[in-house]
$ cat target.csv   # CSV, C-alpha atoms
chain,number,residue,atom,x,y,z
A,1,MET,CA,100.2,107.3,61.0
A,2,THR,CA,98.8,104.5,58.8
A,3,ALA,CA,96.2,102.0,60.2
A,4,ALA,CA,98.7,99.2,60.0
A,5,ARG,CA,101.4,101.2,61.9
A,6,THR,CA,98.9,102.2,64.6
A,7,ALA,CA,97.8,98.6,65.0
A,8,ARG,CA,101.5,97.5,65.3
A,9,SER,CA,102.2,100.2,67.9
A,10,LEU,CA,99.2,99.1,70.0
A,11,ALA,CA,99.7,95.4,69.8
A,12,PRO,CA,102.5,94.8,72.3
A,13,GLY,CA,100.8,96.6,75.2
A,14,VAL,CA,97.3,95.3,74.4
A,15,THR,CA,98.8,91.7,74.3
A,16,VAL,CA,100.1,92.2,77.8
A,17,LEU,CA,96.8,93.6,79.0
A,18,VAL,CA,94.9,90.7,77.5
A,19,GLY,CA,97.4,88.1,78.8
A,20,LEU,CA,97.2,89.4,82.4
A,21,ALA,CA,93.4,89.8,82.2
A,22,VAL,CA,93.1,86.1,81.2
A,23,VAL,CA,95.3,85.1,84.1
A,24,ALA,CA,93.2,87.3,86.4
A,25,GLN,CA,90.0,85.6,85.3
A,26,VAL,CA,91.5,82.1,85.8
A,27,VAL,CA,92.8,83.1,89.3
A,28,GLY,CA,89.5,84.7,90.1
A,29,ARG,CA,87.6,81.5,89.3
A,30,MET,CA,90.0,79.3,91.4
A,31,THR,CA,90.1,81.6,94.5
A,32,PRO,CA,87.5,83.7,96.4
A,33,VAL,CA,89.3,86.9,95.3
A,34,ASP,CA,87.4,89.0,92.7
A,35,PRO,CA,89.0,88.8,89.2
A,36,LEU,CA,89.1,92.6,88.9
A,37,LEU,CA,91.1,93.0,92.1
A,38,VAL,CA,93.5,90.2,90.8
A,39,ALA,CA,93.8,92.1,87.5
A,40,ALA,CA,94.8,95.3,89.3
A,41,GLY,CA,97.2,93.4,91.5
A,42,LEU,CA,98.9,91.6,88.6
A,43,GLY,CA,99.3,94.9,86.7
A,44,ALA,CA,100.9,96.6,89.8
A,45,LEU,CA,103.1,93.6,90.3
A,46,ALA,CA,104.3,93.5,86.7
A,47,GLY,CA,104.6,97.3,86.5
A,48,ASN,CA,106.8,97.5,89.6
A,49,ALA,CA,108.8,94.3,89.2
A,50,VAL,CA,110.3,94.9,85.8
A,51,ASP,CA,111.4,97.8,83.7
A,52,LEU,CA,108.8,98.0,80.9
A,53,PRO,CA,110.0,98.6,77.3
A,54,ALA,CA,108.6,101.8,75.9
A,55,SER,CA,107.0,99.8,73.1
A,56,LEU,CA,104.3,98.7,75.6
A,57,ASP,CA,103.2,102.3,76.4
A,58,PRO,CA,100.7,103.0,73.5
A,59,GLY,CA,98.8,99.7,74.1
A,60,LEU,CA,98.9,100.1,77.9
A,61,SER,CA,97.5,103.6,77.7
A,62,LEU,CA,94.3,102.2,76.2
A,63,ASP,CA,93.2,101.2,79.8
A,64,SER,CA,91.1,104.3,80.3
A,65,LEU,CA,89.3,103.7,76.9
A,66,PHE,CA,88.5,100.1,78.0
A,67,LEU,CA,87.2,101.4,81.4
A,68,GLU,CA,85.0,104.0,79.8
A,69,THR,CA,83.7,101.6,77.1
A,70,GLY,CA,83.0,99.0,79.9
A,71,ILE,CA,80.9,101.7,81.7
A,72,VAL,CA,79.0,102.6,78.6
A,73,LEU,CA,78.1,98.9,78.2
A,74,LEU,CA,77.2,98.7,81.9
A,75,GLY,CA,74.3,101.0,81.0
A,76,ALA,CA,72.6,97.9,79.5
A,77,SER,CA,72.3,96.2,82.9
A,78,VAL,CA,71.1,99.2,84.9
A,79,SER,CA,67.5,99.4,85.7
A,80,LEU,CA,66.5,103.0,85.1
A,81,SER,CA,63.3,102.6,87.1
A,82,GLU,CA,65.3,101.6,90.2
A,83,VAL,CA,67.7,104.5,89.6
A,84,VAL,CA,64.9,106.9,89.2
A,85,ALA,CA,63.2,105.6,92.3
A,86,ALA,CA,66.4,106.1,94.4
A,87,GLY,CA,67.5,109.1,92.4
A,88,PRO,CA,66.5,112.1,94.5
A,89,VAL,CA,68.1,110.5,97.7
A,90,VAL,CA,71.3,109.3,95.9
A,91,PHE,CA,71.7,112.6,93.9
A,92,GLY,CA,71.1,114.6,97.1
A,93,LEU,CA,73.8,112.6,98.8
A,94,VAL,CA,76.2,113.1,95.8
A,95,VAL,CA,75.8,116.9,95.8
A,96,LEU,CA,76.2,117.1,99.6
A,97,THR,CA,79.2,114.8,99.6
A,98,VAL,CA,81.0,116.6,96.8
A,99,ALA,CA,80.3,120.0,98.5
A,100,VAL,CA,81.3,119.0,102.0
A,101,GLY,CA,84.3,116.9,100.7
A,102,ILE,CA,85.7,119.9,98.8
A,103,LEU,CA,85.3,122.3,101.7
A,104,LEU,CA,86.8,119.9,104.1
A,105,ALA,CA,89.9,119.1,101.9
A,106,GLU,CA,90.4,122.8,101.1
A,107,PHE,CA,90.3,123.6,104.9
A,108,LEU,CA,92.6,120.8,105.9
A,109,ALA,CA,95.1,121.5,103.1
A,110,ARG,CA,95.2,125.3,103.5
A,111,ARG,CA,94.8,125.8,107.3
A,112,ALA,CA,96.0,122.6,108.9
A,113,PHE,CA,98.8,121.6,106.5
A,114,ASP,CA,99.7,124.9,104.8
A,115,LEU,CA,99.9,123.3,101.3
A,116,GLY,CA,99.1,126.4,99.3
A,117,ASP,CA,96.0,127.4,97.3
A,118,GLN,CA,96.6,125.5,94.1
A,119,ARG,CA,97.6,122.2,95.7
A,120,ALA,CA,94.6,122.5,98.1
A,121,SER,CA,92.2,122.9,95.3
A,122,LEU,CA,93.6,120.1,93.2
A,123,LEU,CA,93.5,117.7,96.2
A,124,ALA,CA,89.9,118.8,97.0
A,125,ALA,CA,88.7,118.3,93.4
A,126,GLY,CA,90.5,114.9,93.0
A,127,ALA,CA,89.2,113.5,96.3
A,128,SER,CA,85.7,114.9,96.0
A,129,VAL,CA,84.8,114.5,92.3
A,130,CYS,CA,86.6,111.9,90.2
A,131,GLY,CA,90.3,111.4,91.1
A,132,VAL,CA,93.0,112.1,88.6
A,133,SER,CA,90.8,113.4,85.8
A,134,ALA,CA,89.2,116.0,88.2
A,135,ALA,CA,92.6,117.1,89.4
A,136,THR,CA,93.8,117.4,85.8
A,137,THR,CA,90.7,119.3,84.7
A,138,VAL,CA,90.8,121.8,87.6
A,139,ALA,CA,94.6,122.2,87.1
A,140,GLY,CA,93.8,123.4,83.6
A,141,THR,CA,91.3,125.8,84.9
A,142,LEU,CA,93.7,127.2,87.5
A,143,ASP,CA,96.7,127.1,85.3
A,144,ALA,CA,98.4,125.1,88.1
A,145,ASP,CA,102.1,124.2,87.9
A,146,ARG,CA,103.1,120.7,86.9
A,147,GLU,CA,104.8,119.9,90.2
A,148,ALA,CA,101.6,120.5,92.2
A,149,LEU,CA,99.6,118.4,89.8
A,150,ALA,CA,102.1,115.5,89.8
A,151,SER,CA,102.1,115.4,93.6
A,152,VAL,CA,98.3,115.4,93.8
A,153,VAL,CA,98.1,112.7,91.1
A,154,GLY,CA,100.6,110.5,93.0
A,155,THR,CA,98.6,110.9,96.2
A,156,VAL,CA,95.3,110.2,94.6
A,157,LEU,CA,96.7,107.0,93.0
A,158,LEU,CA,98.1,105.9,96.3
A,159,PHE,CA,94.6,106.1,97.8
A,160,ASP,CA,93.1,104.5,94.8
A,161,ALA,CA,95.3,101.5,95.4
A,162,LEU,CA,94.6,101.4,99.2
A,163,THR,CA,90.9,101.9,99.0
A,164,LEU,CA,90.6,99.3,96.2
A,165,VAL,CA,91.6,96.7,98.9
A,166,ALA,CA,90.2,98.4,102.0
A,167,PHE,CA,86.6,99.0,100.9
A,168,PRO,CA,85.8,95.4,99.7
A,169,VAL,CA,87.2,94.2,103.1
A,170,ALA,CA,85.0,96.7,104.9
A,171,GLY,CA,82.1,95.5,102.8
A,172,ASP,CA,82.6,91.9,104.0
A,173,LEU,CA,82.7,93.0,107.6
A,174,LEU,CA,79.8,95.5,107.6
A,175,PRO,CA,76.1,94.4,107.5
A,176,LEU,CA,75.3,96.3,104.3
A,177,SER,CA,73.0,95.4,101.4
A,178,ALA,CA,74.4,95.4,97.9
A,179,ARG,CA,72.7,98.8,97.1
A,180,GLN,CA,74.0,100.4,100.3
A,181,PHE,CA,77.6,99.2,99.7
A,182,GLY,CA,77.5,100.3,96.1
A,183,VAL,CA,76.3,103.8,96.9
A,184,TRP,CA,78.7,104.0,99.8
A,185,VAL,CA,81.8,103.3,97.7
A,186,GLY,CA,80.4,105.5,94.9
A,187,LEU,CA,80.2,108.4,97.3
A,188,SER,CA,83.5,107.8,99.2
A,189,MET,CA,86.3,106.5,96.9
A,190,PHE,CA,88.1,108.8,94.6
A,191,SER,CA,88.5,107.5,91.0
A,192,THR,CA,85.9,105.8,88.8
A,193,GLY,CA,88.0,102.6,88.0
A,194,PRO,CA,88.6,101.6,91.6
A,195,VAL,CA,85.0,102.4,92.6
A,196,THR,CA,83.7,100.1,89.9
A,197,ALA,CA,86.1,97.3,90.9
A,198,ALA,CA,85.3,97.6,94.6
A,199,GLY,CA,81.6,97.5,93.8
A,200,PHE,CA,81.8,94.4,91.6
A,201,ALA,CA,84.1,92.7,94.2
A,202,PHE,CA,81.0,92.9,96.5
A,203,SER,CA,78.4,91.8,94.0
A,204,ALA,CA,77.1,92.7,90.5
A,205,THR,CA,74.3,94.7,91.9
A,206,ALA,CA,76.7,96.7,94.2
A,207,GLY,CA,78.9,97.2,91.1
A,208,ARG,CA,76.1,98.8,89.2
A,209,TRP,CA,75.0,101.1,92.1
A,210,ALA,CA,78.6,102.1,92.7
A,211,THR,CA,79.1,103.0,89.0
A,212,VAL,CA,75.8,104.9,88.8
A,213,THR,CA,76.6,106.9,92.0
A,214,LYS,CA,80.1,107.6,90.8
A,215,LEU,CA,78.9,108.8,87.4
A,216,ALA,CA,76.5,111.2,89.1
A,217,ARG,CA,79.6,112.5,91.0
A,218,ASN,CA,81.6,112.8,87.8
A,219,ALA,CA,78.8,114.8,86.2
A,220,LEU,CA,79.4,117.5,88.8
A,221,LEU,CA,83.0,118.1,87.5
A,222,GLY,CA,81.8,120.8,85.1
A,223,ALA,CA,80.1,122.7,87.9
A,224,VAL,CA,83.1,122.3,90.2
A,225,ALA,CA,85.6,123.4,87.5
A,226,LEU,CA,83.4,126.5,86.8
A,227,VAL,CA,83.3,127.4,90.5
A,228,TYR,CA,87.1,127.1,90.7
A,229,ALA,CA,87.5,129.2,87.5
A,230,MET,CA,85.3,132.0,89.0
A,231,ARG,CA,87.0,131.7,92.4
A,232,TYR,CA,90.5,132.0,91.1
A,233,SER,CA,90.1,134.5,88.2
A,234,GLY,CA,87.0,136.4,89.2
A,235,GLU,CA,85.7,135.7,85.7
A,236,CYS,CA,86.0,132.7,83.3
A,237,GLY,CA,87.6,132.8,79.9
A,238,ARG,CA,85.2,130.2,78.5
A,239,SER,CA,81.5,130.7,78.6
A,240,ARG,CA,79.8,129.3,81.7
A,241,LEU,CA,77.8,126.9,79.6
A,242,GLY,CA,80.9,125.8,77.7
A,243,GLN,CA,82.8,125.2,81.0
A,244,LEU,CA,79.9,123.1,82.4
A,245,ARG,CA,79.7,121.1,79.2
A,246,ALA,CA,83.4,120.5,78.9
A,247,GLY,CA,83.5,119.1,82.5
A,248,VAL,CA,80.8,116.5,81.9
A,249,PRO,CA,82.5,113.2,80.7
A,250,ALA,CA,81.4,112.3,77.2
A,251,PHE,CA,81.1,108.6,78.1
A,252,LEU,CA,78.2,109.5,80.4
A,253,VAL,CA,76.2,110.2,77.2
A,254,GLY,CA,77.0,106.7,75.9
A,255,PHE,CA,76.1,105.1,79.3
A,256,LEU,CA,72.7,106.9,79.3
A,257,LEU,CA,72.0,106.0,75.6
A,258,VAL,CA,72.8,102.3,76.2
A,259,ALA,CA,70.7,102.4,79.4
A,260,ALA,CA,67.8,103.9,77.5
A,261,VAL,CA,68.0,101.3,74.6
A,262,ALA,CA,68.1,98.4,77.1
A,263,ASN,CA,65.3,99.8,79.3
A,264,LEU,CA,63.1,100.3,76.3
A,265,GLY,CA,63.4,96.6,75.7
A,266,LEU,CA,65.1,97.1,72.3
A,267,VAL,CA,67.7,94.3,73.0
A,268,GLY,CA,67.0,90.8,74.1
A,269,GLY,CA,68.0,88.9,77.3
A,270,SER,CA,70.9,87.0,75.6
A,271,THR,CA,72.3,90.2,74.2
A,272,LEU,CA,72.2,91.7,77.6
A,273,SER,CA,74.1,88.8,79.1
A,274,THR,CA,76.7,88.9,76.3
A,275,LEU,CA,77.1,92.7,76.9
A,276,ASP,CA,77.6,92.0,80.6
A,277,ARG,CA,80.4,89.5,79.8
A,278,ILE,CA,82.1,91.9,77.3
A,279,SER,CA,81.8,94.7,79.9
A,280,GLY,CA,83.5,92.4,82.5
A,281,TRP,CA,86.4,91.7,80.1
A,282,LEU,CA,86.8,95.4,79.3
A,283,PHE,CA,87.0,96.1,83.1
A,284,ALA,CA,89.6,93.4,83.5
A,285,LEU,CA,91.8,94.9,80.8
A,286,ALA,CA,91.3,98.4,82.3
A,287,PHE,CA,92.3,97.2,85.8
A,288,VAL,CA,95.4,95.5,84.6
A,289,GLY,CA,96.3,98.9,83.1
A,290,PHE,CA,95.3,100.7,86.3
A,291,GLY,CA,97.7,98.4,88.2
A,292,PHE,CA,100.5,99.4,85.8
A,293,ASP,CA,99.8,103.1,86.7
A,294,VAL,CA,100.5,102.4,90.4
A,295,GLN,CA,104.2,103.0,90.5
A,296,LEU,CA,105.7,102.7,94.0
A,297,SER,CA,108.6,105.0,93.1
A,298,THR,CA,106.1,107.8,92.3
A,299,LEU,CA,104.0,107.1,95.4
A,300,ARG,CA,107.1,107.5,97.6
A,301,GLU,CA,107.7,111.0,96.3
A,302,THR,CA,104.3,112.4,97.1
A,303,GLY,CA,105.1,113.7,100.6
A,304,LEU,CA,103.3,113.1,103.8
A,305,ALA,CA,101.1,116.3,104.1
A,306,PRO,CA,98.9,115.6,101.0
A,307,VAL,CA,98.6,112.0,102.2
A,308,LEU,CA,97.4,113.1,105.6
A,309,VAL,CA,94.9,115.6,104.1
A,310,LEU,CA,93.3,112.9,101.9
A,311,LEU,CA,93.4,110.4,104.7
A,312,VAL,CA,91.4,112.7,107.1
A,313,GLN,CA,89.0,113.7,104.3
A,314,LEU,CA,88.4,110.1,103.3
A,315,LEU,CA,87.8,108.9,106.9
A,316,VAL,CA,85.4,111.7,107.6
A,317,VAL,CA,83.5,111.5,104.3
A,318,SER,CA,83.3,107.7,104.3
A,319,ALA,CA,82.1,107.6,107.9
A,320,ALA,CA,79.4,110.3,107.2
A,321,THR,CA,78.3,108.6,104.0
A,322,LEU,CA,78.2,105.2,105.7
A,323,GLY,CA,75.8,106.6,108.3
A,324,ALA,CA,73.7,108.3,105.5
A,325,VAL,CA,73.3,105.2,103.3
A,326,THR,CA,72.4,102.9,106.2
A,327,THR,CA,69.8,105.4,107.4
A,328,LEU,CA,68.4,106.6,104.1
A,329,LEU,CA,68.6,103.5,101.7
B,1,MET,CA,94.6,100.3,32.8
B,2,CYS,CA,94.4,101.8,36.2
B,3,HIS,CA,92.6,100.1,39.0
B,4,ASP,CA,91.3,101.8,42.2
B,5,THR,CA,93.6,100.5,44.8
B,6,GLY,CA,91.7,102.2,47.6
B,7,VAL,CA,94.7,104.5,48.2
B,8,ARG,CA,94.2,108.2,47.9
B,9,ALA,CA,96.4,110.6,45.9
B,10,THR,CA,98.0,111.6,49.3
B,11,GLY,CA,99.1,108.0,49.8
B,12,GLN,CA,96.7,107.6,52.7
B,13,SER,CA,94.2,104.8,52.6
B,14,PRO,CA,90.5,105.4,53.6
B,15,LEU,CA,91.1,103.2,56.7
B,16,SER,CA,94.1,105.3,57.7
B,17,ALA,CA,91.9,108.5,57.3
B,18,VAL,CA,89.3,106.9,59.6
B,19,VAL,CA,92.0,106.0,62.2
B,20,ARG,CA,93.3,109.6,62.1
B,21,ARG,CA,89.8,111.0,62.7
B,22,TRP,CA,89.4,108.4,65.5
B,23,GLN,CA,92.6,109.5,67.2
B,24,VAL,CA,91.6,113.1,67.4
B,25,LEU,CA,88.3,112.3,69.1
B,26,ASP,CA,87.9,112.9,72.8
B,27,ARG,CA,88.3,109.6,74.7
B,28,GLY,CA,84.8,109.8,76.1
B,29,TRP,CA,83.3,110.0,72.6
B,30,GLN,CA,85.6,107.1,71.5
B,31,ALA,CA,84.1,105.0,74.4
B,32,THR,CA,80.6,106.1,73.5
B,33,LEU,CA,81.0,105.1,69.8
B,34,LEU,CA,82.8,101.9,70.7
B,35,GLY,CA,80.1,101.0,73.2
B,36,LEU,CA,77.2,101.7,70.9
B,37,GLY,CA,79.0,99.7,68.1
B,38,ILE,CA,79.4,96.7,70.4
B,39,VAL,CA,75.7,96.9,71.4
B,40,ALA,CA,74.6,97.1,67.8
B,41,LEU,CA,76.9,94.2,66.7
B,42,THR,CA,75.9,92.0,69.6
B,43,ALA,CA,72.2,92.7,69.0
B,44,LEU,CA,72.7,91.9,65.3
B,45,ALA,CA,74.6,88.7,66.0
B,46,ASP,CA,71.9,87.5,68.5
B,47,GLY,CA,69.2,88.4,66.0
B,48,LEU,CA,70.7,86.3,63.2
B,49,PRO,CA,69.0,82.9,62.6
B,50,ALA,CA,71.0,79.9,63.8
B,51,ALA,CA,73.1,78.3,61.1
B,52,PRO,CA,71.5,75.0,59.7
B,53,VAL,CA,73.2,71.9,61.1
$ encode --input "target.csv" --output "structure tokens"
Amino acid sequence: MTAARTARSLAPGVTVLVGLAVVAQVVGRMTPVDPLLVAAGLGALAGNAVDLPASLDPGLSLDSLFLETGIVLLGASVSLSEVVAAGPVVFGLVVLTVAVGILLAEFLARRAFDLGDQRASLLAAGASVCGVSAATTVAGTLDADREALASVVGTVLLFDALTLVAFPVAGDLLPLSARQFGVWVGLSMFSTGPVTAAGFAFSATAGRWATVTKLARNALLGAVALVYAMRYSGECGRSRLGQLRAGVPAFLVGFLLVAAVANLGLVGGSTLSTLDRISGWLFALAFVGFGFDVQLSTLRETGLAPVLVLLVQLLVVSAATLGAVTTLL
Amino acid sequence: MCHDTGVRATGQSPLSAVVRRWQVLDRGWQATLLGLGIVALTALADGLPAAPV
């Protein structure tokens, strides 16, 4: 495909993302609602209200790239000294939360709801590591059937939409500092996009802590996929190092590089504030796209049992992590 | 006399070749390269002297 043809195929969808992101920013300034939540809401509204032409798909599918690029740029506003200072506690909580979350979801899905091995593992990975991308990665490792994966993806997306609203409301009601709230949502919610949006809906500091905590969780995907590969096959086709490396999201490298450049003082204050604004716009574009992904028709087909598994898992994990962050941070 | 039109013998322009290579990259690496490019361009733009009025 030529460059011009690629640009033409992306233009309609990107134009819709930009248009709705601008509206979200305007509404966000005129109301107390965070622009990122407005962006997700507008996307969901537009995506469910009208039948979208297929010509929008290529541009709309860039939302994940915008989200990950926004996170890479967010590295510029993260203070590595603060992260290192809180690192051992936060990383310990991340490892513990992922391990307990997986065991709990596996137990509930297999024993209490009899959902079968594959579906249980996909739900556990999606809820405990990083949502849809974790479920998809583990599905590849287990050679899971498409129906099981589709059901889990629908359930995770349902919770992404619900928690995107519920956690900022809880943040307003609970007496939490920005760091406590950020780490809490980073430990409890499922997917990276909604975690970032919920964090920034509380404050910029909370948004940064939420993203850093969530990235630490995402970094465990390789280890989780490796454990599942060994559990299901008794051996892994790919080398262990390869499996671990493939599970670590590549944008984490970019995030760390940008954080290192900024913390070494290689970029000035005005550059940092420009990067902050660009990152905010990329998140707005990403959350409009995320809203389009929330299709009510798909959510209705997910079934009650997976919803109940993730509901119990979320309630237990978020209550436990709330206690942990208020005690330890 | 022939001029270099920037189009290769295969009919593919250098820009299209770059786009094709970009499209086969993992999305995480695309985000990393895009992010680093934005940081570099922003730093460069901020470092430029102000235009004389």
$ interface_residues --input "target.csv" --of "chain B" --to "chain A" --cutoff "9 Å" --atoms "all atoms listed in the file" --output "ChimeraX atom specification"
/B:12-13,15-20,26-36,38-39,42-43,45-47
$ atom_distance --input "target.csv" --atom1 "CA of Val152 (chain A)" --atom2 "CA of Leu123 (chain A)"
5.8 Å
$ atom_distance --input "target.csv" --atom1 "CA of Ala49 (chain A)" --atom2 "CA of Ala170 (chain A)"
28.6 Å
$ closest_residue --input "target.csv" --among "A:Leu310, A:Leu322, A:Leu176, A:Ala201" --to "Phe107 (chain A)" --atoms "all atoms listed in the file"
A:Leu310
$ residues_around --input "target.csv" --residues "Val312 (chain A)" --least-positions-apart "4" --cutoff "9 Å" --atoms "only C-alpha atoms" --output "list in words"
Ala105, Leu108, Val307, Leu308, Val316 and Val317 of chain A
$ residues_around --input "target.csv" --residues "region 83-100 of chain A" --least-positions-apart "5" --cutoff "8 Å" --atoms "all atoms listed in the file" --output "PyMOL selection string"
chain A and resi 78+128-129+183+187+213+216-217+220+317+321+324+328
$ closest_residue --input "target.csv" --among "A:Leu221, A:Val227, A:Ala39, A:Leu174" --to "Leu285 (chain A)" --atoms "all atoms listed in the file"
A:Ala39
$ closest_residue --input "target.csv" --among "A:Thr298, A:Ser151, A:Gln313, A:Thr327" --to "Ala124 (chain A)" --atoms "all atoms listed in the file"
A:Gln313
$ closest_residue --input "target.csv" --among "A:Val325, A:Val16, A:Ala219, A:Leu104" --to "Ser61 (chain A)" --atoms "all atoms listed in the file"
A:Val16
$ decode --input "target.csv" --residues "region 11-22 of chain B" --atoms "N, CA, C and O atoms" --output "PDB file, in the first residue's frame"
ATOM      1  N   GLY B  11       8.270   0.639  -8.624  1.00  0.00           N
ATOM      2  CA  GLY B  11       7.106   1.510  -8.611  1.00  0.00           C
ATOM      3  C   GLY B  11       6.771   1.996  -7.222  1.00  0.00           C
ATOM      4  O   GLY B  11       5.756   2.651  -7.025  1.00  0.00           O
ATOM      5  N   GLN B  12       7.640   1.670  -6.250  1.00  0.00           N
ATOM      6  CA  GLN B  12       7.336   2.050  -4.878  1.00  0.00           C
ATOM      7  C   GLN B  12       8.244   3.209  -4.455  1.00  0.00           C
ATOM      8  O   GLN B  12       9.458   3.130  -4.606  1.00  0.00           O
ATOM      9  N   SER B  13       7.648   4.280  -3.950  1.00  0.00           N
ATOM     10  CA  SER B  13       8.456   5.424  -3.526  1.00  0.00           C
ATOM     11  C   SER B  13       9.163   5.100  -2.220  1.00  0.00           C
ATOM     12  O   SER B  13       8.726   4.204  -1.486  1.00  0.00           O
ATOM     13  N   PRO B  14      10.266   5.822  -1.912  1.00  0.00           N
ATOM     14  CA  PRO B  14      10.956   5.579  -0.637  1.00  0.00           C
ATOM     15  C   PRO B  14      10.018   5.761   0.555  1.00  0.00           C
ATOM     16  O   PRO B  14      10.091   5.023   1.526  1.00  0.00           O
ATOM     17  N   LEU B  15       9.107   6.736   0.455  1.00  0.00           N
ATOM     18  CA  LEU B  15       8.169   6.979   1.565  1.00  0.00           C
ATOM     19  C   LEU B  15       7.265   5.763   1.780  1.00  0.00           C
ATOM     20  O   LEU B  15       7.008   5.352   2.912  1.00  0.00           O
ATOM     21  N   SER B  16       6.821   5.165   0.646  1.00  0.00           N
ATOM     22  CA  SER B  16       5.963   3.986   0.765  1.00  0.00           C
ATOM     23  C   SER B  16       6.722   2.824   1.386  1.00  0.00           C
ATOM     24  O   SER B  16       6.153   2.031   2.150  1.00  0.00           O
ATOM     25  N   ALA B  17       8.026   2.722   1.067  1.00  0.00           N
ATOM     26  CA  ALA B  17       8.837   1.648   1.655  1.00  0.00           C
ATOM     27  C   ALA B  17       8.944   1.837   3.162  1.00  0.00           C
ATOM     28  O   ALA B  17       8.843   0.880   3.931  1.00  0.00           O
ATOM     29  N   VAL B  18       9.099   3.114   3.587  1.00  0.00           N
ATOM     30  CA  VAL B  18       9.164   3.409   5.030  1.00  0.00           C
ATOM     31  C   VAL B  18       7.832   3.043   5.687  1.00  0.00           C
ATOM     32  O   VAL B  18       7.798   2.429   6.759  1.00  0.00           O
ATOM     33  N   VAL B  19       6.722   3.410   5.018  1.00  0.00           N
ATOM     34  CA  VAL B  19       5.388   3.118   5.569  1.00  0.00           C
ATOM     35  C   VAL B  19       5.206   1.612   5.725  1.00  0.00           C
ATOM     36  O   VAL B  19       4.710   1.124   6.748  1.00  0.00           O
ATOM     37  N   ARG B  20       5.674   0.839   4.714  1.00  0.00           N
ATOM     38  CA  ARG B  20       5.534  -0.623   4.803  1.00  0.00           C
ATOM     39  C   ARG B  20       6.323  -1.188   5.965  1.00  0.00           C
ATOM     40  O   ARG B  20       5.865  -2.064   6.682  1.00  0.00           O
ATOM     41  N   ARG B  21       7.551  -0.676   6.148  1.00  0.00           N
ATOM     42  CA  ARG B  21       8.374  -1.154   7.271  1.00  0.00           C
ATOM     43  C   ARG B  21       7.727  -0.788   8.601  1.00  0.00           C
ATOM     44  O   ARG B  21       7.767  -1.546   9.559  1.00  0.00           O
ATOM     45  N   TRP B  22       7.131   0.417   8.630  1.00  0.00           N
ATOM     46  CA  TRP B  22       6.458   0.880   9.856  1.00  0.00           C
ATOM     47  C   TRP B  22       5.293  -0.039  10.193  1.00  0.00           C
ATOM     48  O   TRP B  22       5.074  -0.410  11.339  1.00  0.00           O
TER      49      TRP B  22
END
